[in-house]
>>> print(open('start37.cif').read())   # mmCIF, C-alpha atoms
data_target
loop_
_atom_site.group_PDB
_atom_site.id
_atom_site.type_symbol
_atom_site.label_atom_id
_atom_site.label_comp_id
_atom_site.auth_asym_id
_atom_site.auth_seq_id
_atom_site.Cartn_x
_atom_site.Cartn_y
_atom_site.Cartn_z
ATOM 1 C CA MET A 29 125.062 -88.835 -27.406
ATOM 2 C CA ALA A 30 127.341 -85.798 -27.705
ATOM 3 C CA ASP A 31 129.195 -87.553 -30.529
ATOM 4 C CA LEU A 32 125.959 -88.223 -32.401
ATOM 5 C CA VAL A 33 124.834 -84.606 -32.039
ATOM 6 C CA PHE A 34 128.210 -83.391 -33.301
ATOM 7 C CA GLN A 35 127.951 -85.646 -36.338
ATOM 8 C CA LEU A 36 124.424 -84.426 -37.042
ATOM 9 C CA GLU A 37 125.676 -80.843 -36.855
ATOM 10 C CA SER A 38 128.288 -81.802 -39.444
ATOM 11 C CA GLY A 39 125.581 -83.175 -41.737
ATOM 12 C CA SER A 40 126.125 -86.854 -41.019
ATOM 13 C CA SER A 41 123.081 -88.944 -41.922
ATOM 14 C CA PRO A 42 124.604 -92.123 -40.397
ATOM 15 C CA ALA A 43 124.537 -90.396 -36.992
ATOM 16 C CA GLU A 44 120.762 -90.268 -37.035
ATOM 17 C CA SER A 45 120.530 -93.833 -38.327
ATOM 18 C CA ARG A 46 122.768 -95.029 -35.502
ATOM 19 C CA LEU A 47 120.674 -93.280 -32.897
ATOM 20 C CA SER A 48 117.443 -94.637 -34.361
ATOM 21 C CA ALA A 49 118.887 -98.165 -34.385
ATOM 22 C CA LEU A 50 120.082 -97.815 -30.793
ATOM 23 C CA PHE A 51 116.678 -96.542 -29.741
ATOM 24 C CA GLY A 52 114.816 -99.256 -31.620
ATOM 25 C CA ALA A 53 116.888 -102.044 -30.067
ATOM 26 C CA GLY A 54 116.871 -100.618 -26.548
ATOM 27 C CA ASP A 55 114.628 -101.533 -23.647
ATOM 28 C CA ASP A 56 112.366 -99.021 -21.900
ATOM 29 C CA ALA A 57 115.171 -97.787 -19.658
ATOM 30 C CA VAL A 58 117.455 -97.079 -22.623
ATOM 31 C CA ARG A 59 114.674 -95.397 -24.561
ATOM 32 C CA ASN A 60 113.709 -93.188 -21.637
ATOM 33 C CA GLU A 61 117.336 -92.229 -21.106
ATOM 34 C CA VAL A 62 117.825 -91.294 -24.761
ATOM 35 C CA LEU A 63 114.571 -89.322 -24.931
ATOM 36 C CA GLY A 64 115.205 -87.570 -21.627
ATOM 37 C CA SER A 65 118.733 -86.604 -22.626
ATOM 38 C CA LEU A 66 117.627 -85.211 -25.976
ATOM 39 C CA ALA A 67 114.607 -83.427 -24.500
ATOM 40 C CA ASN A 68 116.691 -81.745 -21.794
ATOM 41 C CA SER A 69 119.260 -80.646 -24.355
ATOM 42 C CA ALA A 70 116.572 -79.393 -26.730
ATOM 43 C CA SER A 71 114.859 -77.550 -23.877
ATOM 44 C CA ALA A 72 118.171 -75.802 -23.186
ATOM 45 C CA GLY A 73 118.202 -74.559 -26.768
ATOM 46 C CA SER A 74 120.072 -77.174 -28.815
ATOM 47 C CA PRO A 75 118.569 -77.270 -32.335
ATOM 48 C CA PHE A 76 120.420 -80.494 -33.109
ATOM 49 C CA SER A 77 118.943 -82.316 -30.128
ATOM 50 C CA LEU A 78 115.509 -81.077 -31.185
ATOM 51 C CA GLU A 79 116.042 -82.469 -34.690
ATOM 52 C CA LEU A 80 117.068 -85.835 -33.267
ATOM 53 C CA LEU A 81 114.155 -85.842 -30.844
ATOM 54 C CA LEU A 82 111.635 -85.064 -33.585
ATOM 55 C CA GLY A 83 113.183 -87.845 -35.644
ATOM 56 C CA LEU A 84 112.584 -90.422 -32.920
ATOM 57 C CA VAL A 85 109.038 -89.201 -32.290
ATOM 58 C CA THR A 86 108.323 -89.431 -36.027
ATOM 59 C CA ASP A 87 110.088 -92.642 -36.996
ATOM 60 C CA HIS A 88 108.895 -94.620 -33.977
ATOM 61 C CA HIS A 89 105.381 -93.077 -33.890
ATOM 62 C CA LEU A 90 105.777 -92.333 -30.187
ATOM 63 C CA ALA A 91 102.651 -90.184 -29.981
ATOM 64 C CA ALA A 92 100.385 -92.664 -31.782
ATOM 65 C CA PRO A 93 99.284 -94.674 -28.701
ATOM 66 C CA ALA A 94 97.980 -91.559 -26.955
ATOM 67 C CA ILE A 95 96.338 -90.259 -30.140
ATOM 68 C CA GLY A 96 94.748 -93.628 -30.869
ATOM 69 C CA ARG A 97 92.758 -93.470 -27.638
ATOM 70 C CA HIS A 98 90.792 -90.568 -29.086
ATOM 71 C CA VAL A 99 91.048 -90.936 -32.873
ATOM 72 C CA GLN A 100 90.243 -94.059 -34.883
ATOM 73 C CA SER A 101 90.912 -92.963 -38.462
ATOM 74 C CA LYS A 102 94.473 -93.787 -39.608
ATOM 75 C CA THR A 103 94.534 -90.668 -41.777
ATOM 76 C CA VAL A 104 93.488 -88.416 -38.921
ATOM 77 C CA VAL A 105 96.000 -90.092 -36.594
ATOM 78 C CA GLU A 106 98.739 -89.186 -39.084
ATOM 79 C CA GLU A 107 97.478 -85.593 -39.245
ATOM 80 C CA VAL A 108 97.425 -85.297 -35.477
ATOM 81 C CA GLU A 109 100.943 -86.762 -35.324
ATOM 82 C CA GLN A 110 102.095 -83.847 -37.503
ATOM 83 C CA GLU A 111 100.402 -81.377 -35.188
ATOM 84 C CA VAL A 112 102.008 -83.046 -32.170
ATOM 85 C CA LEU A 113 105.422 -82.620 -33.778
ATOM 86 C CA ILE A 114 104.681 -78.924 -34.182
ATOM 87 C CA SER A 115 103.597 -78.742 -30.538
ATOM 88 C CA VAL A 116 106.811 -80.450 -29.435
ATOM 89 C CA ALA A 117 108.929 -78.043 -31.475
ATOM 90 C CA ARG A 118 107.042 -75.018 -30.110
ATOM 91 C CA SER A 119 106.841 -76.203 -26.494
ATOM 92 C CA ILE A 120 110.097 -78.055 -25.830
ATOM 93 C CA HIS A 121 111.552 -75.000 -24.069
ATOM 94 C CA ARG A 122 108.983 -75.631 -21.323
ATOM 95 C CA TYR A 123 110.095 -79.232 -20.720
ATOM 96 C CA ARG A 124 111.751 -79.457 -17.310
ATOM 97 C CA GLY A 125 112.426 -83.169 -16.985
ATOM 98 C CA GLU A 126 110.135 -83.488 -13.978
ATOM 99 C CA SER A 127 108.476 -86.478 -15.651
ATOM 100 C CA LYS A 128 109.466 -88.888 -18.411
ATOM 101 C CA PHE A 129 109.492 -87.334 -21.860
ATOM 102 C CA THR A 130 106.854 -89.812 -23.009
ATOM 103 C CA THR A 131 104.522 -88.664 -20.220
ATOM 104 C CA TRP A 132 104.959 -85.074 -21.363
ATOM 105 C CA LEU A 133 104.523 -86.128 -25.007
ATOM 106 C CA TYR A 134 101.346 -88.109 -24.294
ATOM 107 C CA SER A 135 99.826 -85.070 -22.605
ATOM 108 C CA LEU A 136 100.541 -82.962 -25.689
ATOM 109 C CA ALA A 137 99.199 -85.716 -27.942
ATOM 110 C CA ARG A 138 96.003 -86.109 -25.943
ATOM 111 C CA ASN A 139 95.313 -82.373 -25.965
ATOM 112 C CA THR A 140 96.055 -82.144 -29.680
ATOM 113 C CA ALA A 141 93.776 -85.080 -30.491
ATOM 114 C CA VAL A 142 90.920 -83.605 -28.464
ATOM 115 C CA SER A 143 91.397 -80.237 -30.191
ATOM 116 C CA GLU A 144 91.300 -81.959 -33.572
ATOM 117 C CA LEU A 145 88.042 -83.729 -32.722
ATOM 118 C CA ARG A 146 86.527 -80.419 -31.674
ATOM 119 C CA ARG A 147 87.731 -78.818 -34.896
ATOM 120 C CA GLN A 148 86.122 -81.580 -36.928
ATOM 121 C CA ARG A 149 82.803 -80.952 -35.240
ATOM 122 C CA ARG A 150 82.991 -77.313 -36.359
ATOM 123 C CA THR A 151 84.001 -78.041 -39.942
ATOM 124 C CA SER A 152 83.243 -80.561 -42.619
ATOM 125 C CA SER A 153 84.761 -83.993 -42.128
ATOM 126 C CA ILE A 154 88.234 -84.640 -43.509
ATOM 127 C CA ASN A 155 88.393 -86.357 -46.892
ATOM 128 C CA GLU A 156 90.636 -89.352 -46.260
ATOM 129 C CA ASP A 157 91.536 -89.497 -49.959
ATOM 130 C CA ASP A 158 93.043 -86.033 -49.719
ATOM 131 C CA MET A 159 96.786 -86.449 -49.105
ATOM 132 C CA ASP A 160 97.246 -82.759 -48.251
ATOM 133 C CA ASP A 161 96.049 -82.572 -44.678
ATOM 134 C CA TRP A 162 94.886 -79.398 -42.990
ATOM 135 C CA SER A 163 98.162 -78.747 -41.162
ATOM 136 C CA GLN A 164 100.113 -79.118 -44.393
ATOM 137 C CA ARG A 165 97.821 -76.662 -46.158
ATOM 138 C CA ARG A 166 98.260 -74.211 -43.309
ATOM 139 C CA VAL A 167 102.039 -74.301 -43.518
ATOM 140 C CA SER A 168 102.405 -74.577 -47.295
ATOM 141 C CA SER A 169 100.064 -71.642 -47.929
ATOM 142 C CA LEU A 170 102.227 -69.537 -45.660
ATOM 143 C CA VAL A 171 105.326 -70.681 -47.513
ATOM 144 C CA ALA A 172 103.822 -69.488 -50.779
ATOM 145 C CA GLU A 173 102.584 -66.119 -49.503
ATOM 146 C CA ARG A 174 104.903 -64.684 -46.865
ATOM 147 C CA ASP A 175 108.446 -63.386 -47.153
ATOM 148 C CA MET A 176 108.838 -64.015 -43.440
ATOM 149 C CA VAL A 177 108.063 -67.672 -43.916
ATOM 150 C CA ARG A 178 110.385 -67.954 -46.882
ATOM 151 C CA GLU A 179 113.179 -66.692 -44.666
ATOM 152 C CA ALA A 180 112.211 -69.269 -42.053
ATOM 153 C CA VAL A 181 112.254 -72.036 -44.674
ATOM 154 C CA TYR A 182 115.758 -71.090 -45.777
ATOM 155 C CA SER A 183 116.893 -71.125 -42.152
ATOM 156 C CA LEU A 184 115.994 -74.829 -41.888
ATOM 157 C CA PRO A 185 118.828 -77.379 -41.900
ATOM 158 C CA PRO A 186 119.494 -78.321 -45.556
ATOM 159 C CA VAL A 187 118.391 -81.924 -45.057
ATOM 160 C CA PHE A 188 114.854 -80.711 -44.210
ATOM 161 C CA ARG A 189 114.786 -77.493 -46.231
ATOM 162 C CA GLU A 190 115.066 -79.191 -49.604
ATOM 163 C CA THR A 191 112.249 -81.629 -48.862
ATOM 164 C CA VAL A 192 109.921 -78.862 -47.622
ATOM 165 C CA LEU A 193 110.642 -76.746 -50.707
ATOM 166 C CA LEU A 194 110.081 -79.639 -53.092
ATOM 167 C CA ARG A 195 106.753 -80.554 -51.499
ATOM 168 C CA ASP A 196 105.271 -77.263 -50.316
ATOM 169 C CA VAL A 197 106.649 -74.874 -52.947
ATOM 170 C CA GLU A 198 107.286 -76.989 -56.041
ATOM 171 C CA ARG A 199 104.337 -79.234 -55.133
ATOM 172 C CA LEU A 200 106.085 -82.446 -56.156
ATOM 173 C CA SER A 201 104.559 -85.769 -55.149
ATOM 174 C CA TYR A 202 106.198 -87.953 -52.519
ATOM 175 C CA SER A 203 107.368 -90.373 -55.208
ATOM 176 C CA GLU A 204 108.855 -87.552 -57.292
ATOM 177 C CA ILE A 205 110.718 -86.203 -54.260
ATOM 178 C CA ALA A 206 111.944 -89.681 -53.373
ATOM 179 C CA GLU A 207 113.265 -90.172 -56.899
ATOM 180 C CA ARG A 208 114.945 -86.766 -57.016
ATOM 181 C CA GLN A 209 116.578 -87.178 -53.606
ATOM 182 C CA GLY A 210 117.353 -90.874 -53.939
ATOM 183 C CA LEU A 211 115.398 -91.698 -50.779
ATOM 184 C CA ALA A 212 112.687 -94.101 -49.702
ATOM 185 C CA ILE A 213 109.209 -92.565 -49.593
ATOM 186 C CA ASN A 214 108.969 -93.167 -45.829
ATOM 187 C CA THR A 215 112.185 -91.177 -45.375
ATOM 188 C CA VAL A 216 110.703 -88.344 -47.428
ATOM 189 C CA ARG A 217 107.579 -88.355 -45.247
ATOM 190 C CA SER A 218 109.687 -88.321 -42.076
ATOM 191 C CA ARG A 219 111.868 -85.437 -43.257
ATOM 192 C CA LEU A 220 108.844 -83.483 -44.413
ATOM 193 C CA SER A 221 107.024 -83.908 -41.096
ATOM 194 C CA ARG A 222 110.072 -82.845 -39.123
ATOM 195 C CA GLY A 223 110.832 -79.958 -41.467
ATOM 196 C CA ARG A 224 107.298 -78.627 -41.132
ATOM 197 C CA ALA A 225 107.476 -78.905 -37.356
ATOM 198 C CA LEU A 226 110.784 -77.035 -37.234
ATOM 199 C CA LEU A 227 109.353 -74.433 -39.614
ATOM 200 C CA ALA A 228 106.234 -73.931 -37.503
ATOM 201 C CA ALA A 229 108.406 -73.451 -34.424
ATOM 202 C CA ARG A 230 110.168 -70.574 -36.195
ATOM 203 C CA LEU A 231 106.905 -68.765 -36.929
ATOM 204 C CA PRO A 232 104.425 -66.849 -34.769
ATOM 205 C CA GLU A 233 101.459 -68.990 -33.772
ATOM 206 C CA GLN A 234 98.380 -68.336 -35.855
ATOM 207 C CA GLN A 235 95.436 -66.849 -34.053
ATOM 208 C CA PRO A 236 91.951 -68.296 -34.603
ATOM 209 C CA GLY A 237 89.831 -66.545 -37.182
#
>>> encode(input="start37.cif", output="structure tokens")
Amino acid sequence: MADLVFQLESGSSPAESRLSALFGAGDDAVRNEVLGSLANSASAGSPFSLELLLGLVTDHHLAAPAIGRHVQSKTVVEEVEQEVLISVARSIHRYRGESKFTTWLYSLARNTAVSELRRQRRTSSINEDDMDDWSQRRVSSLVAERDMVREAVYSLPPVFRETVLLRDVERLSYSEIAERQGLAINTVRSRLSRGRALLAARLPEQQPG
């Protein structure tokens, strides 16, 4: 694990791929050990462990089972997954390892899903044809308008910063970003979700109204 984190710090993409492959092939015990180790390290302040942790949550859709108990729409599930990533990035410092990481994650996911359902009751329903979800609009509008947020964007690790800038500032499509970066579209989506979560964690929480 320490070796993988070191390689990530050095900008090694294969490090993340190796971890994802190890996680994907592991049984529940291995997965819990990997998640717990990363979560404890991230809680202690390691940005690299947080990046790896967000990658596993994103790529393996770890929050989806808990979200799916409350939300049926695939589009809304994806939106709530983004919000859960933001919650993980903002709240990981409170993780104490007293329960499995997935238990902690499911609690966040459940609360986020319930909050989203309440929000929908107060506003018009989400247009499922609209690819720019409400959390993306919230973050990207800040990126366009605030010097503080621009500074936060440029503090992101380069691998995420470029993708966030291309999507939320230059407003390129996923396919255009994929072509420019030489990546698969799913990789672009993963990097964008994680970049937005890391960005949100660097910003003050918005107050209602």
>>> closest_residue(input="start37.cif", among="A:Gly223, A:Pro75, A:Gly125, A:Pro186", to="Leu113 in chain A", atoms="only C-alpha atoms")
A:Gly223
>>> atom_distance(input="start37.cif", atom1="CA of Leu136 in chain A", atom2="CA of Val116 in chain A")
7.7 Å
>>> residues_around(input="start37.cif", residues="Phe51 in chain A", least_positions_apart="5", cutoff="12 Å", atoms="all atoms listed in the file", output="PyMOL selection string")
chain A and resi 29+44-46+56-63+66+80-81+83-85+87-88+90
>>> write_last_selection(input="start37.cif", atoms="C-alpha atoms", output="PDB file, keeping the file's coordinate frame")
ATOM      1  CA  MET A  29     125.062 -88.835 -27.406  1.00  0.00           C
ATOM      2  CA  GLU A  44     120.762 -90.268 -37.035  1.00  0.00           C
ATOM      3  CA  SER A  45     120.530 -93.833 -38.327  1.00  0.00           C
ATOM      4  CA  ARG A  46     122.768 -95.029 -35.502  1.00  0.00           C
ATOM      5  CA  ASP A  56     112.366 -99.021 -21.900  1.00  0.00           C
ATOM      6  CA  ALA A  57     115.171 -97.787 -19.658  1.00  0.00           C
ATOM      7  CA  VAL A  58     117.455 -97.079 -22.623  1.00  0.00           C
ATOM      8  CA  ARG A  59     114.674 -95.397 -24.561  1.00  0.00           C
ATOM      9  CA  ASN A  60     113.709 -93.188 -21.637  1.00  0.00           C
ATOM     10  CA  GLU A  61     117.336 -92.229 -21.106  1.00  0.00           C
ATOM     11  CA  VAL A  62     117.825 -91.294 -24.761  1.00  0.00           C
ATOM     12  CA  LEU A  63     114.571 -89.322 -24.931  1.00  0.00           C
ATOM     13  CA  LEU A  66     117.627 -85.211 -25.976  1.00  0.00           C
ATOM     14  CA  LEU A  80     117.068 -85.835 -33.267  1.00  0.00           C
ATOM     15  CA  LEU A  81     114.155 -85.842 -30.844  1.00  0.00           C
ATOM     16  CA  GLY A  83     113.183 -87.845 -35.644  1.00  0.00           C
ATOM     17  CA  LEU A  84     112.584 -90.422 -32.920  1.00  0.00           C
ATOM     18  CA  VAL A  85     109.038 -89.201 -32.290  1.00  0.00           C
ATOM     19  CA  ASP A  87     110.088 -92.642 -36.996  1.00  0.00           C
ATOM     20  CA  HIS A  88     108.895 -94.620 -33.977  1.00  0.00           C
ATOM     21  CA  LEU A  90     105.777 -92.333 -30.187  1.00  0.00           C
TER      22      LEU A  90
END
>>> atom_distance(input="start37.cif", atom1="CA of Leu145 in chain A", atom2="CA of Leu78 in chain A")
27.6 Å
>>> axis_aligned_box(input="start37.cif", around="range 70-80 of chain A", padding_each_side="4 Å", output="lines of an AutoDock Vina configuration file")
center_x = 117.6
center_y = -80.2
center_z = -28.9
size_x = 13.6
size_y = 19.3
size_z = 19.5
>>> resolve_selection(input="start37.cif", expression="the PyMOL selection byres ((chain A and resi 137) around 7)", output="PyMOL selection string")
chain A and resi 91+94-95+112+133-136+138-141
>>> residues_around(input="start37.cif", residues="range 206-218 of chain A", least_positions_apart="4", cutoff="10 Å", atoms="only C-alpha atoms", output="PyMOL selection string")
chain A and resi 82-87+110+188+190-192+194-195+200-202+222-223
>>> atom_distance(input="start37.cif", atom1="CA of Asn68 in chain A", atom2="CA of Arg124 in chain A")
7.1 Å
>>> closest_residue(input="start37.cif", among="A:Ala117, A:His89, A:Ser74, A:Arg149", to="Gly52 in chain A", atoms="all atoms listed in the file")
A:His89
>>> residues_around(input="start37.cif", residues="Gly64 in chain A", least_positions_apart="6", cutoff="9 Å", atoms="all atoms listed in the file", output="compact mmCIF listing (two decimals) with C-alpha atoms, in the frame of the given file")
# COMPACT_ATOMS: atom_id res chain seq x y z
CA GLY A 125 112.43 -83.17 -16.98
CA LYS A 128 109.47 -88.89 -18.41
CA PHE A 129 109.49 -87.33 -21.86
CA THR A 130 106.85 -89.81 -23.01
>>> residues_around(input="start37.cif", residues="Arg189 in chain A", least_positions_apart="5", cutoff="9 Å", atoms="all atoms listed in the file", output="PDB file with C-alpha atoms, in the frame of the given file")
ATOM      1  CA  VAL A 181     112.254 -72.036 -44.674  1.00  0.00           C
ATOM      2  CA  TYR A 182     115.758 -71.090 -45.777  1.00  0.00           C
ATOM      3  CA  SER A 183     116.893 -71.125 -42.152  1.00  0.00           C
ATOM      4  CA  LEU A 184     115.994 -74.829 -41.888  1.00  0.00           C
ATOM      5  CA  LEU A 194     110.081 -79.639 -53.092  1.00  0.00           C
ATOM      6  CA  ARG A 219     111.868 -85.437 -43.257  1.00  0.00           C
ATOM      7  CA  LEU A 220     108.844 -83.483 -44.413  1.00  0.00           C
ATOM      8  CA  GLY A 223     110.832 -79.958 -41.467  1.00  0.00           C
TER       9      GLY A 223
END
>>> residues_around(input="start37.cif", residues="Ala72 in chain A", least_positions_apart="4", cutoff="9 Å", atoms="all atoms listed in the file", output="PyMOL selection string")
chain A and resi 67-68+120-121
